[in-house]
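File shown here: my_file_33.txt, holding compact mmCIF, C-alpha atoms.
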# COMPACT_ATOMS: atom_id res chain seq x y z
CA MET A 19 0.00 0.00 0.00
CA ALA A 20 1.29 3.49 -0.85
CA SER A 21 2.42 5.72 1.99
CA LEU A 22 0.08 8.40 3.30
CA GLY A 23 2.15 11.09 1.61
CA VAL A 24 1.87 9.34 -1.75
CA GLN A 25 -1.89 8.82 -1.28
CA ARG A 26 -2.34 12.51 -0.53
CA PHE A 27 -0.28 13.51 -3.56
CA ILE A 28 -2.26 11.25 -5.91
CA LEU A 29 -5.62 12.36 -4.51
CA ARG A 30 -4.81 16.06 -4.69
CA THR A 31 -3.38 15.72 -8.18
CA LEU A 32 -6.59 14.06 -9.35
CA LEU A 33 -8.76 16.66 -7.63
CA SER A 34 -6.84 19.45 -9.39
CA LEU A 35 -8.14 18.27 -12.76
CA PRO A 36 -10.66 20.54 -14.55
CA THR A 37 -14.25 20.24 -13.38
CA PRO A 38 -15.55 18.62 -16.61
CA VAL A 39 -12.87 15.94 -16.32
CA LEU A 40 -13.70 15.31 -12.65
CA ARG A 41 -17.37 14.93 -13.51
CA LEU A 42 -16.58 12.61 -16.41
CA MET A 43 -14.42 10.45 -14.13
CA SER A 44 -17.28 10.44 -11.62
CA GLY A 45 -19.77 9.01 -14.06
CA GLY A 46 -20.57 12.19 -15.96
CA GLY A 47 -23.08 14.97 -15.43
CA VAL A 48 -23.90 17.35 -12.62
CA VAL A 49 -25.28 15.99 -9.34
CA TYR A 50 -28.33 18.14 -8.61
CA GLN A 51 -30.69 17.21 -5.78
CA GLY A 52 -33.19 19.14 -3.72
CA GLY A 53 -32.28 22.42 -5.44
CA ARG A 54 -28.56 22.01 -4.72
CA THR A 55 -25.55 21.19 -6.91
CA LEU A 56 -22.82 19.00 -5.40
CA ASP A 57 -19.23 20.27 -5.45
CA PRO A 58 -17.45 18.35 -8.26
CA LYS A 59 -14.57 17.36 -5.98
CA ILE A 60 -16.95 15.78 -3.51
CA GLN A 61 -18.74 14.15 -6.43
CA PHE A 62 -15.41 12.56 -7.40
CA LEU A 63 -14.77 11.40 -3.83
CA ALA A 64 -18.27 9.94 -3.65
CA ALA A 65 -17.77 7.99 -6.87
CA GLY A 66 -14.57 6.51 -5.49
CA ALA A 67 -16.19 5.61 -2.18
CA ALA A 68 -19.01 3.84 -4.00
CA ARG A 69 -16.48 1.25 -5.20
CA SER A 70 -15.61 0.28 -1.61
CA PRO A 71 -17.69 -1.76 0.85
CA SER A 72 -20.30 0.27 2.73
CA MET A 73 -19.58 1.00 6.37
CA THR A 74 -22.78 -0.90 7.15
CA THR A 75 -21.02 -4.15 6.15
CA LEU A 76 -18.12 -3.58 8.56
CA THR A 77 -17.59 -4.15 12.24
CA PRO A 78 -17.10 -0.98 14.32
CA GLU A 79 -13.38 -1.78 14.63
CA ALA A 80 -12.99 -2.20 10.86
CA ALA A 81 -15.06 0.94 10.24
CA ARG A 82 -12.74 2.95 12.50
CA ARG A 83 -9.68 1.77 10.62
CA SER A 84 -11.22 2.39 7.20
CA SER A 85 -12.51 5.83 8.15
CA ALA A 86 -9.20 6.88 9.70
CA GLN A 87 -7.31 5.86 6.56
CA SER A 88 -9.62 7.67 4.16
CA MET A 89 -9.85 10.82 6.29
CA ALA A 90 -6.07 11.00 6.69
CA ALA A 91 -5.70 11.32 2.92
CA MET A 92 -8.25 14.16 2.71
CA THR A 93 -7.47 16.34 5.69
CA ALA A 94 -4.94 19.15 5.75
CA PRO A 95 -1.88 19.35 8.03
CA LEU A 96 -2.14 21.22 11.31
CA GLU A 97 -2.17 25.00 10.87
CA ALA A 98 1.20 26.74 11.02
CA GLY A 99 1.63 28.65 14.25
CA VAL A 100 -0.59 26.30 16.28
CA ARG A 101 0.97 23.99 18.81
CA VAL A 102 -0.71 20.87 20.11
CA GLU A 103 -0.20 19.18 23.46
CA PRO A 104 -1.62 15.92 24.88
CA LEU A 105 -3.92 16.23 27.85
CA THR A 106 -5.92 14.00 30.18
CA ILE A 107 -9.15 15.13 31.79
CA PRO A 108 -10.81 13.40 34.76
CA GLY A 109 -14.03 11.74 33.63
CA PRO A 110 -16.88 9.65 35.01
CA ALA A 111 -15.15 6.36 34.07
CA GLY A 112 -11.49 7.38 34.34
CA ASP A 113 -9.20 9.75 32.52
CA ILE A 114 -10.39 11.10 29.16
CA PRO A 115 -7.65 11.57 26.52
CA ALA A 116 -7.66 15.02 24.96
CA ARG A 117 -5.52 17.50 23.05
CA VAL A 118 -5.19 21.23 23.49
CA TYR A 119 -4.47 23.49 20.51
CA ARG A 120 -2.88 26.85 21.27
CA PRO A 121 -2.23 29.53 18.62
CA ALA A 122 0.94 31.60 18.75
CA SER A 123 -1.18 34.77 18.75
CA GLN A 124 -3.74 33.71 21.35
CA ASP A 125 -6.11 36.45 22.50
CA PRO A 126 -6.49 36.32 26.32
CA ALA A 127 -10.01 37.69 25.97
CA MET A 128 -11.13 34.67 23.92
CA PRO A 129 -12.66 31.84 25.99
CA VAL A 130 -11.35 28.30 25.54
CA MET A 131 -13.50 26.00 23.38
CA VAL A 132 -14.20 22.34 24.12
CA PHE A 133 -14.71 20.36 20.90
CA ALA A 134 -16.19 16.89 20.22
CA HIS A 135 -15.45 15.10 16.93
CA PHE A 136 -17.88 13.47 14.52
CA GLY A 137 -18.44 9.73 14.02
CA GLY A 138 -21.95 8.76 15.05
CA GLY A 139 -20.70 7.95 18.53
CA VAL A 140 -18.99 4.88 17.02
CA ILE A 141 -15.97 6.01 14.97
CA GLY A 142 -13.59 8.97 15.00
CA ASP A 143 -10.80 10.13 17.28
CA LEU A 144 -8.57 13.10 18.03
CA ASP A 145 -6.98 12.91 14.58
CA THR A 146 -10.40 13.16 12.93
CA CYS A 147 -10.82 16.82 13.82
CA GLU A 148 -7.20 17.98 14.19
CA ALA A 149 -7.19 20.17 11.08
CA PHE A 150 -10.46 21.88 11.99
CA CYS A 151 -9.42 22.39 15.63
CA GLY A 152 -6.22 24.00 14.35
CA ILE A 153 -8.22 26.33 12.11
CA LEU A 154 -10.49 27.27 15.01
CA ALA A 155 -7.51 27.95 17.27
CA LYS A 156 -5.71 30.10 14.70
CA VAL A 157 -8.65 32.12 13.36
CA VAL A 158 -10.49 32.57 16.66
CA ARG A 159 -7.17 33.01 18.51
CA CYS A 160 -8.37 30.81 21.35
CA ALA A 161 -7.31 27.54 22.93
CA VAL A 162 -9.28 24.50 21.73
CA VAL A 163 -9.58 21.36 23.85
CA SER A 164 -10.46 18.34 21.71
CA VAL A 165 -12.05 15.43 23.59
CA ASP A 166 -11.54 11.71 22.81
CA TYR A 167 -14.80 10.51 24.37
CA ARG A 168 -15.73 6.84 24.77
CA LEU A 169 -17.22 5.14 21.71
CA ALA A 170 -20.02 2.63 21.18
CA PRO A 171 -20.78 -0.21 21.07
CA GLU A 172 -18.15 -0.80 23.75
CA HIS A 173 -19.60 2.19 25.59
CA ARG A 174 -23.16 2.92 24.53
CA PHE A 175 -25.28 6.01 25.24
CA PRO A 176 -24.83 8.02 27.39
CA ALA A 177 -21.10 7.28 27.92
CA GLY A 178 -19.73 9.57 25.22
CA LEU A 179 -22.11 12.37 26.18
CA GLU A 180 -21.10 12.08 29.84
CA ASP A 181 -17.42 12.33 28.88
CA VAL A 182 -17.98 15.50 26.87
CA LEU A 183 -20.06 17.05 29.66
CA ALA A 184 -17.34 16.22 32.21
CA ALA A 185 -14.66 17.60 29.89
CA PHE A 186 -16.59 20.83 29.45
CA ARG A 187 -17.05 21.34 33.19
CA TRP A 188 -13.39 20.60 33.92
CA THR A 189 -12.13 22.88 31.15
CA ARG A 190 -14.45 25.70 32.21
CA ASP A 191 -13.20 25.40 35.79
CA ASN A 192 -9.56 25.34 34.62
CA ALA A 193 -9.87 27.89 31.82
CA GLU A 194 -6.97 30.03 33.07
CA ARG A 195 -4.66 27.04 32.57
CA PHE A 196 -5.32 27.43 28.83
CA GLY A 197 -4.90 31.18 28.68
CA GLY A 198 -8.60 32.04 28.62
CA PRO A 199 -10.82 34.11 30.91
CA PRO A 200 -11.48 32.30 34.21
CA GLY A 201 -14.70 30.31 34.57
CA GLN A 202 -15.65 30.56 30.90
CA ALA A 203 -15.71 28.08 28.03
CA ALA A 204 -17.48 27.51 24.73
CA ILE A 205 -18.68 24.13 23.50
CA GLY A 206 -18.59 22.81 19.94
CA GLY A 207 -18.73 19.71 17.83
CA ASP A 208 -19.56 18.32 14.42
CA SER A 209 -22.20 15.69 13.64
CA MET A 210 -22.45 13.50 16.76
CA GLY A 211 -20.11 15.96 18.44
CA GLY A 212 -22.67 18.65 17.57
CA ASN A 213 -25.35 16.47 19.15
CA PHE A 214 -23.25 16.30 22.31
CA ALA A 215 -22.60 20.06 22.30
CA ALA A 216 -26.32 20.85 22.00
CA ILE A 217 -27.20 18.41 24.79
CA VAL A 218 -24.45 19.74 27.06
CA CYS A 219 -26.14 23.15 26.92
CA GLN A 220 -29.50 21.58 27.77
CA GLU A 221 -28.01 19.48 30.60
CA LEU A 222 -26.33 22.52 32.17
CA LYS A 223 -29.65 24.34 32.08
CA ARG A 224 -31.37 21.39 33.78
CA LYS A 225 -28.73 21.41 36.53
CA GLY A 226 -29.00 25.19 37.04
CA GLU A 227 -25.44 25.82 35.84
CA ALA A 228 -24.27 28.73 33.72
CA GLN A 229 -24.39 28.27 29.97
CA PRO A 230 -21.31 28.04 27.75
CA VAL A 231 -20.42 31.38 26.22
CA LEU A 232 -21.21 29.91 22.79
CA GLN A 233 -22.33 26.65 21.17
CA LEU A 234 -20.92 25.67 17.78
CA LEU A 235 -23.03 22.99 16.10
CA VAL A 236 -21.63 21.79 12.76
CA TYR A 237 -24.06 19.60 10.78
CA PRO A 238 -25.44 18.36 14.11
CA CYS A 239 -27.60 15.32 14.63
CA THR A 240 -30.48 16.79 16.63
CA ASP A 241 -33.19 14.15 16.14
CA VAL A 242 -32.20 10.50 15.83
CA ALA A 243 -35.79 9.61 14.94
CA SER A 244 -36.06 12.28 12.23
CA GLU A 245 -38.31 11.68 9.23
CA THR A 246 -37.75 15.04 7.59
CA PRO A 247 -37.61 15.31 3.77
CA SER A 248 -33.79 15.52 3.72
CA MET A 249 -33.59 12.01 5.17
CA THR A 250 -35.08 10.86 1.86
CA THR A 251 -33.71 13.46 -0.58
CA TYR A 252 -30.15 12.87 0.62
CA GLY A 253 -30.72 9.39 1.96
CA GLU A 254 -27.97 7.93 -0.26
CA ALA A 255 -25.52 10.83 0.06
CA PHE A 256 -21.78 10.55 0.63
CA PRO A 257 -20.31 10.08 3.19
CA LEU A 258 -23.38 9.92 5.44
CA SER A 259 -26.40 8.02 4.13
CA ARG A 260 -29.57 7.00 5.89
CA PRO A 261 -28.42 3.34 6.17
CA ILE A 262 -25.12 4.47 7.72
CA MET A 263 -27.00 6.72 10.15
CA GLU A 264 -29.12 3.74 11.16
CA TRP A 265 -25.94 1.63 11.53
CA PHE A 266 -24.49 4.26 13.86
CA MET A 267 -27.60 4.46 16.01
CA GLY A 268 -27.89 0.67 16.13
CA HIS A 269 -24.49 0.59 17.81
CA TYR A 270 -24.86 3.77 19.86
CA MET A 271 -28.25 3.18 21.47
CA GLY A 272 -29.15 0.33 23.76
CA PRO A 273 -32.31 -1.77 23.28
CA GLY A 274 -34.20 0.17 25.94
CA ASP A 275 -33.24 3.67 24.79
CA ASP A 276 -35.97 5.98 23.51
CA PRO A 277 -35.00 7.94 20.36
CA ALA A 278 -37.29 10.76 21.56
CA ASP A 279 -35.23 11.24 24.75
CA PRO A 280 -33.85 14.82 24.54
CA ARG A 281 -30.45 13.45 25.62
CA LEU A 282 -30.46 11.59 22.29
CA SER A 283 -32.54 14.02 20.25
CA PRO A 284 -32.09 17.59 21.55
CA LEU A 285 -34.62 18.86 19.00
CA ARG A 286 -37.27 16.96 21.00
CA GLU A 287 -36.65 19.11 24.10
CA PRO A 288 -39.84 21.20 24.43
CA ASP A 289 -38.22 24.24 26.08
CA LEU A 290 -35.11 25.72 24.46
CA THR A 291 -35.19 29.05 26.30
CA GLY A 292 -32.11 30.24 28.12
CA LEU A 293 -29.53 28.36 26.03
CA ALA A 294 -26.18 29.69 24.84
CA PRO A 295 -25.78 31.83 21.72
CA ALA A 296 -25.26 29.53 18.75
CA VAL A 297 -23.47 29.14 15.46
CA VAL A 298 -25.27 26.38 13.58
CA ILE A 299 -23.80 25.03 10.34
CA THR A 300 -25.23 22.51 7.90
CA ALA A 301 -24.10 20.90 4.66
CA GLY A 302 -26.49 20.80 1.73
CA PHE A 303 -25.92 17.18 0.70
CA ASP A 304 -26.68 15.69 4.08
CA PRO A 305 -29.60 13.69 5.49
CA LEU A 306 -29.27 15.85 8.63
CA VAL A 307 -29.62 19.24 6.92
CA ASP A 308 -33.30 19.70 7.82
CA GLN A 309 -32.87 18.88 11.49
CA GLY A 310 -29.87 21.19 11.84
CA GLU A 311 -31.83 24.04 10.28
CA ALA A 312 -34.84 23.24 12.48
CA TYR A 313 -32.73 23.38 15.64
CA ALA A 314 -31.25 26.73 14.64
CA ARG A 315 -34.74 28.09 14.00
CA ARG A 316 -36.00 26.88 17.37
CA LEU A 317 -33.01 28.36 19.20
CA ARG A 318 -33.63 31.71 17.54
CA ASP A 319 -37.36 31.55 18.29
CA ALA A 320 -36.54 30.74 21.93
CA GLY A 321 -34.42 33.89 22.23
CA SER A 322 -30.87 32.60 21.78
CA PRO A 323 -28.77 34.77 19.43
CA THR A 324 -28.20 32.38 16.53
CA VAL A 325 -26.33 32.43 13.24
CA TYR A 326 -27.31 29.73 10.76
CA ARG A 327 -25.43 28.96 7.57
CA CYS A 328 -25.86 26.11 5.08
CA TYR A 329 -23.03 25.24 2.69
CA ASP A 330 -25.23 24.01 -0.12
CA SER A 331 -22.59 22.37 -2.33
CA LEU A 332 -20.82 20.50 0.47
CA ALA A 333 -21.52 17.19 2.17
CA HIS A 334 -21.59 15.91 5.72
CA GLY A 335 -18.11 15.57 7.21
CA PHE A 336 -16.58 18.43 5.23
CA THR A 337 -14.50 19.63 8.18
CA ALA A 338 -12.26 16.63 7.47
CA PHE A 339 -11.93 17.42 3.74
CA THR A 340 -9.79 20.56 4.14
CA GLY A 341 -6.76 19.11 2.37
CA ALA A 342 -8.70 17.88 -0.65
CA VAL A 343 -11.73 20.12 -1.24
CA THR A 344 -11.01 23.83 -1.59
CA CYS A 345 -14.58 24.87 -0.75
CA ALA A 346 -14.43 22.83 2.47
CA ASP A 347 -11.28 24.62 3.61
CA VAL A 348 -12.86 28.00 2.84
CA ALA A 349 -16.03 27.01 4.71
CA CYS A 350 -14.06 25.95 7.80
CA ARG A 351 -12.30 29.32 7.92
CA GLU A 352 -15.60 31.14 7.52
CA ILE A 353 -17.07 29.09 10.36
CA ALA A 354 -14.11 29.97 12.58
CA GLY A 355 -14.73 33.63 11.76
CA LEU A 356 -18.37 33.26 12.83
CA VAL A 357 -17.21 31.67 16.09
CA ARG A 358 -14.94 34.62 16.79
CA GLU A 359 -17.81 37.02 16.13
CA GLY A 360 -19.97 34.96 18.48
CA LEU A 361 -17.38 35.01 21.26
CA GLU A 362 -17.12 38.76 20.82
CA GLY A 363 -20.89 39.04 21.30
CA ARG A 364 -21.51 40.17 17.73
CA ILE A 365 -24.29 37.74 16.79
CA ARG A 366 -27.91 38.62 17.31
Show the structure stored in the file as structure tokens.
Amino acid sequence: MASLGVQRFILRTLLSLPTPVLRLMSGGGVVYQGGRTLDPKIQFLAAGAARSPSMTTLTPEAARRSSAQSMAAMTAPLEAGVRVEPLTIPGPAGDIPARVYRPASQDPAMPVMVFAHFGGGVIGDLDTCEAFCGILAKVVRCAVVSVDYRLAPEHRFPAGLEDVLAAFRWTRDNAERFGGPPGQAAIGGDSMGGNFAAIVCQELKRKGEAQPVLQLLVYPCTDVASETPSMTTYGEAFPLSRPIMEWFMGHYMGPGDDPADPRLSPLREPDLTGLAPAVVITAGFDPLVDQGEAYARRLRDAGSPTVYRCYDSLAHGFTAFTGAVTCADVACREIAGLVREGLEGRIR
């Protein structure tokens, strides 16, 4: 097998080909669904993925290995000027592995952000979101603490959620250690990490604790029982399809868990008043796009300052495509800019 460097070189060389050539190599034509046109580079990646076994045919262990290999070839290196350090955080079942990202030009007024990676609660790790955490740290000029929470099916719901909640509380209480204002922290995540971030805000409200200074929800899963139109329109999308979503939830939830439980489906929480200001991001070609938009709308209606943005031509998981898809890299930097505006209190 070619080295990672060779794989990256081949992939990026192919993706630099003219758009008509990329579309021809992807089966020809423009992918247009639900009023959106798919980025041709993602179209090419999707065509290649279609020639490999679906994640639904793999064990969780095999899916983790396969996902890690494919993501490593698509993600960008860590941002220049950002240093990363290993960290352990006390958790409900022992120490939680983590990493802290610190930019050279850190702003002491910017609160630290706790971040949870994507993966349906089953796959993913600290490497999964390293490039995006580096972008957040550099653009926002804050420290970012990335959390390696427990995964299912070895540790089903609510283990991963409990780890992220514990990591948030610990980081908030130790914020000065990371160069941020004391007693303050933001929470963020993508996909299942976005699910966790949304639920952390709700759990803190239930316990009478102060809210995070901001919640960043990137293509979040907010309703695991969703039957919105996007679950059908983009039900066979790349890299997240409806069957893969069901595979994730089959491993993440136990037989007695209720999909309508707000700790699984934060959109099902009837009262969203009093929650943190939010930056909510969705991808157009994503079964979850409707539920992310719906959660942003409900937050805004409940009085939380909320910015919502949908990247119509991109697909779920694009925060890990920064080294391969130009539009994904641009989107991640725009998102980081929105986070900085949110931490400065400039969203309404």
Closest atom pairs, stretch 230-312 of chain A residues within 12 Å of stretch 128-131 of chain A, only C-alpha atoms, as a tab-separated table:
residue	atom	partner	partner_atom	distance
A:Pro230	CA	A:Met131	CA	9.2
A:Val231	CA	A:Pro129	CA	7.8
A:Leu232	CA	A:Met131	CA	8.7
A:Gln233	CA	A:Met131	CA	9.1
A:Leu234	CA	A:Met131	CA	9.3
Any chance you can output those residues with C-alpha atoms as a PDB file, in the coordinates of the input?
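The result, written out as selection.pdb:
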ATOM      1  CA  PRO A 230     -21.310  28.040  27.750  1.00  0.00           C
ATOM      2  CA  VAL A 231     -20.420  31.380  26.220  1.00  0.00           C
ATOM      3  CA  LEU A 232     -21.210  29.910  22.790  1.00  0.00           C
ATOM      4  CA  GLN A 233     -22.330  26.650  21.170  1.00  0.00           C
ATOM      5  CA  LEU A 234     -20.920  25.670  17.780  1.00  0.00           C
TER       6      LEU A 234
END
To one decimal place, how far is atom CA of A:His135 from atom CA of A:Gly152 in Å?
->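 The value is 13.1 Å.
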Task: Protein, DNA and RNA residues within 12 Å of (-29.9, 32.7, 19.7), all atoms listed in the file, as a PyMOL selection string - done: chain A and resi 231-234+290-298+313-326+360+363-366
With distances taken over only C-alpha atoms, the candidate from A:Val182, A:Lys223, A:Ala354, A:Gly302 nearest A:Asp289 is A:Lys223
Task: A:Phe336, A:Thr37, A:Leu282, A:Pro257 ranked by distance to A:Ser70, top pick (using all atoms listed in the file) - done: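 Under the stated criterion, the closest residue is A:Pro257.
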For stretch 85-102 of chain A, find every residue with an atom within 6 Å (counting all atoms listed in the file), except residues of its own chain fewer than 2 positions away, and show them as a ChimeraX atom specification.
/A:26,81-83,118-122,149,152,338-342
Spatial neighbours of stretch 236-253 of chain A, max dist 6 Å, only C-alpha atoms, sep filter under 2 positions, as a ChimeraX atom specification = /A:208-210,212-213,255,259-260,277,283-285,298-300,304-305,308,310
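Here the question is which of A:Gly66, A:Gly45, A:Pro110, A:Pro171 gets nearest to A:Pro273 using all atoms listed in the file, and that residue is A:Pro171.
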Show me, as a PyMOL selection string, the residues that have an atom within 7 Å of A:Pro58 when counting all atoms listed in the file, minus same-chain residues fewer than 3 positions from it.
chain A and resi 37+40-41+61-62
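Atom CA of A:Pro176 is positioned 13.3 Å from atom CA of A:Ala215.
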Nearest residue to A:Asp143 from the set A:Leu169, A:Leu306, A:Cys345, A:Ala216 (distances using all atoms listed in the file):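 With all atoms listed in the file as the atom set, the closest residue is A:Leu169.
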*Which of these residues is nearest to A:Leu63, using all atoms listed in the file: A:Ala185, A:His269, A:Leu29, A:Cys151?*
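Of A:Ala185, A:His269, A:Leu29, A:Cys151, the one nearest A:Leu63, counting all atoms listed in the file, is A:Leu29.
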Report task. Fewer than 4 positions away in the same chain doesn't count, so skip those; otherwise give me all residues within 9 Å of A:Leu144, counting all atoms listed in the file, as a ChimeraX atom specification. Result -> /A:115-117,134-135,148,164-166
| message | Report as a ChimeraX atom specification all protein, DNA and RNA residues lying within 12 Å of stretch 76-79 of chain A, evaluated on only C-alpha atoms, omitting residues in the same chain fewer than 6 positions from it. | response | /A:70,85-86,137-142,169-173,262,265-270
